[in-house]
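Asker: Sending over a structure as structure tokens; questions will come in a sec.
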Amino acid sequence: MLGLDVSKASVAATLLDTDQRLRWERTVPNNPVGIAMLLRETPPDHPWVMEPTGSYSSPIARQAVDAGRCVLMAPPRQAQAFLRSVQPRAKTDRLDSRGLARYACAIPLHPYPLKSAVMEALDQLLAARQGLARSLARLKQQRATLPAAASVLSFAIDALEAQQKVLNHQIAAQTRIAHLPGVATLDRVPGIGPVLATAAAACLHAKAFSHPDRFVAYIGLDVRVRQSGTRQGQQALSKHGHAELRRLFYLAAQANLRTKDPLNPFKLQYARERTKGLSSTAALNAVARKLARLCWSLMHHRTEYSPNRVYTQIHPPESLDIQP
């Protein structure tokens, strides 16, 4: 197993034999020449494993896959927890690469996902919009609490909102180029707009979740329960995984409840959740969770949205391994 700790300038690599004995350690430049060195020195039957670091790790994975190597992805949260457990007193690139190799030997991992150039461009546009949305939210909060700077902040907010509209048009154009299936179907669901439809369809297409609860867990809308002995803990969202999709689904739940249709099934669900004693935020999270499951169902079964079928379960429950 070849463990890779990837940074902008370099790649720390550790090769372990099948019995986890150390064969060698290297640090090479993070460029095609450095990766070619690893390809020459690594036996073809040894898989590579690394964490997803976007533009730093994707070219490495693509070059290795093109050379016929098996490349695995280590989920960041789980891998970091493993590294802290085996090496709690030190953290270096060399130790991380060795820990990743040991982690891959102990835990079955999924192949590293590689995207087409068109899908990669779409993901970059969505990531840029996520950054703009966070900046806008932060500036709006500051405007509300800093009245002396409100005029300056308003100018910055207006400029960012204009850029966000431009980015929305670019995302729509790139979605048409990518021919991403399911976007039009998701866009017809009340509350779900073109940005969320594109982001959810891209995620569902890339990950191919086999069960809706896997998708819900991936975006962090699943409920975490903490109990120990006689102590009964409170339930809360896990908030693991894709934070931007979680935010967009919450906003979609709010938008859905503003629709005029009195028979909107999500409005009825919100009323039921409030009757149970849930707060408005918790009830909205429940609606957002249902919207996420609905998106999975529409994409997985290739059906059209029908309000009468929202609460019809067509996928049996199963025991889940919700590794992203």
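Please note that chains go A, B, ... in the order of the structure tokens, that every chain numbers its residues from 1, and that ligands are numbered from 1 in the order shown.
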Using only C-alpha atoms, determine which residues lie at most 9 Å from Ser10 of chain A, disregarding the query and same-chain residues fewer than 3 positions distant; provide the list as an NGL selection string.

Answerer: :A and (5-7 or 27-31 or 34)

Asker: List every residue of segment 9-108 of chain A that DSSP, applied to the backbone of this structure, places in helix (DSSP H, G or I), and write the result as an MDAnalysis selection string.

Answerer: chainID A and resid 32:41 58:66 76:86 93:106

Asker: Write out as a list in words all residues of segment 173-255 of chain A that DSSP puts in strand (DSSP E or B) for this structure's backbone.

Answerer: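 Taking segment 173-255 of chain A and keeping strand (DSSP E or B) only, one gets Val223, Arg224, Val225, Arg226, Gln227, Ser228, Arg231, Gln232, Gly233, Gln234, Gln235, Ala236 and Leu237 of chain A.
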
Asker: Could you check which of A:His301, A:Lys239, A:Arg62, A:Arg21 is closest to Ile35 of chain A, using only C-alpha atoms?

Answerer: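 Nearest candidate to Ile35 of chain A out of A:His301, A:Lys239, A:Arg62, A:Arg21: A:Arg62.
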
Asker: Nearest to Leu291 of chain A: which of A:Val195, A:Leu278, A:Ala217, A:Ala253 is it, counting only C-alpha atoms?

Answerer: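 Nearest to Leu291 of chain A: A:Ala253.
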
Asker: Using only C-alpha atoms, pick whichever of A:Phe82, A:Phe266, A:Tyr112, A:Tyr218 has the shortest atom-to-atom distance to Met50 of chain A.

Answerer: A:Tyr112

Asker: Work out how far apart atom CA of Arg40 of chain A and atom CA of Ser116 of chain A are and give it in Å to one decimal.

Answerer: 26.1 Å

Asker: Do a neighbour search on Ala173 of chain A at 12 Å with only C-alpha atoms, toss out local chain neighbours closer than 4 positions, and write the hits as an NGL selection string.

Answerer: :A and (118 or 121-122 or 125 or 166-169 or 177-180 or 194-195 or 198)

Asker: Please provide the set of residues having any atom within 12 Å of Gln78 of chain A, restricted to only C-alpha atoms, with same-chain residues fewer than 3 positions apart removed, written as an NGL selection string.

Answerer: :A and (51 or 73-75 or 81-85 or 99-100 or 103-104 or 107 or 109 or 240-241 or 322-324)

Asker: Closest to Val71 of chain A among A:Leu22, A:Leu4, A:Ala106, A:Ala9, using only C-alpha atoms?

Answerer: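 Checking each of A:Leu22, A:Leu4, A:Ala106, A:Ala9 against Val71 of chain A, counting only C-alpha atoms, the winner is A:Leu4.
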
Asker: If we count only C-alpha atoms and set the cut-off at 12 Å, which residues sit around Val65 of chain A, ignoring sequence neighbours fewer than 2 positions away in its own chain? Please answer as a list in words.

Answerer: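 My list of contacting residues is Ile35, Leu39, Pro44, Pro47, Trp48, Val49, Ser58, Pro59, Ile60, Ala61, Arg62, Gln63, Ala67, Gly68, Arg69, Cys70, Val71, Leu72, Pro111, Tyr112, Pro113 and Leu114 of chain A.
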
Asker: With only C-alpha atoms as the counted atoms, please give the residues lying no more than 8 Å from segment 305-313 of chain A, apart from itself and same-chain residues fewer than 2 positions off, as a list in words.

Answerer: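 Once the adjacent positions are removed, what remains is Thr185, Leu186, Arg188, Val189, Asn264, Pro265, Leu294, Leu298, Thr303, His315 and Pro316 of chain A.
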
Asker: Next, the residues of the selection above should be written as a short mmCIF file (atom, residue, chain, number, x, y, z; two decimals), in the first residue's frame with C-alpha atoms.

Answerer:
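Full text of selection00.cif as output:
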```
data_model
loop_
_atom_site.label_atom_id
_atom_site.label_comp_id
_atom_site.auth_asym_id
_atom_site.auth_seq_id
_atom_site.Cartn_x
_atom_site.Cartn_y
_atom_site.Cartn_z
CA THR A 185 -36.57 17.17 -12.65
CA LEU A 186 -35.23 18.47 -9.33
CA ARG A 188 -39.59 21.33 -10.55
CA VAL A 189 -39.78 20.52 -6.83
CA ASN A 264 -48.19 21.16 -0.14
CA PRO A 265 -47.07 17.91 1.57
CA LEU A 294 -36.95 13.13 -2.43
CA LEU A 298 -36.23 11.24 -8.24
CA THR A 303 -39.32 9.66 -11.99
CA HIS A 315 -37.10 1.67 -1.01
CA PRO A 316 -36.96 -0.83 1.88
#
```

Asker: Select, from A:Arg23, A:Arg98, A:Lys165, A:His110, the residue with the minimum atom-to-atom distance to Arg129 of chain A, counting only C-alpha atoms.

Answerer: A:Lys165

Asker: Suppose you want the space between atom CA of Gln235 of chain A and atom CA of Val223 of chain A; what is it in Å?

Answerer: 6.3 Å

Asker: Which residues come within 10 Å of Gln20 of chain A, counting only C-alpha atoms, excluding same-chain residues fewer than 5 positions away, as a list in words?

Answerer: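 Contacts, in chain order: Met1, Leu15, Arg98, Ala101, Arg102, Cys105 and Ala106 of chain A.
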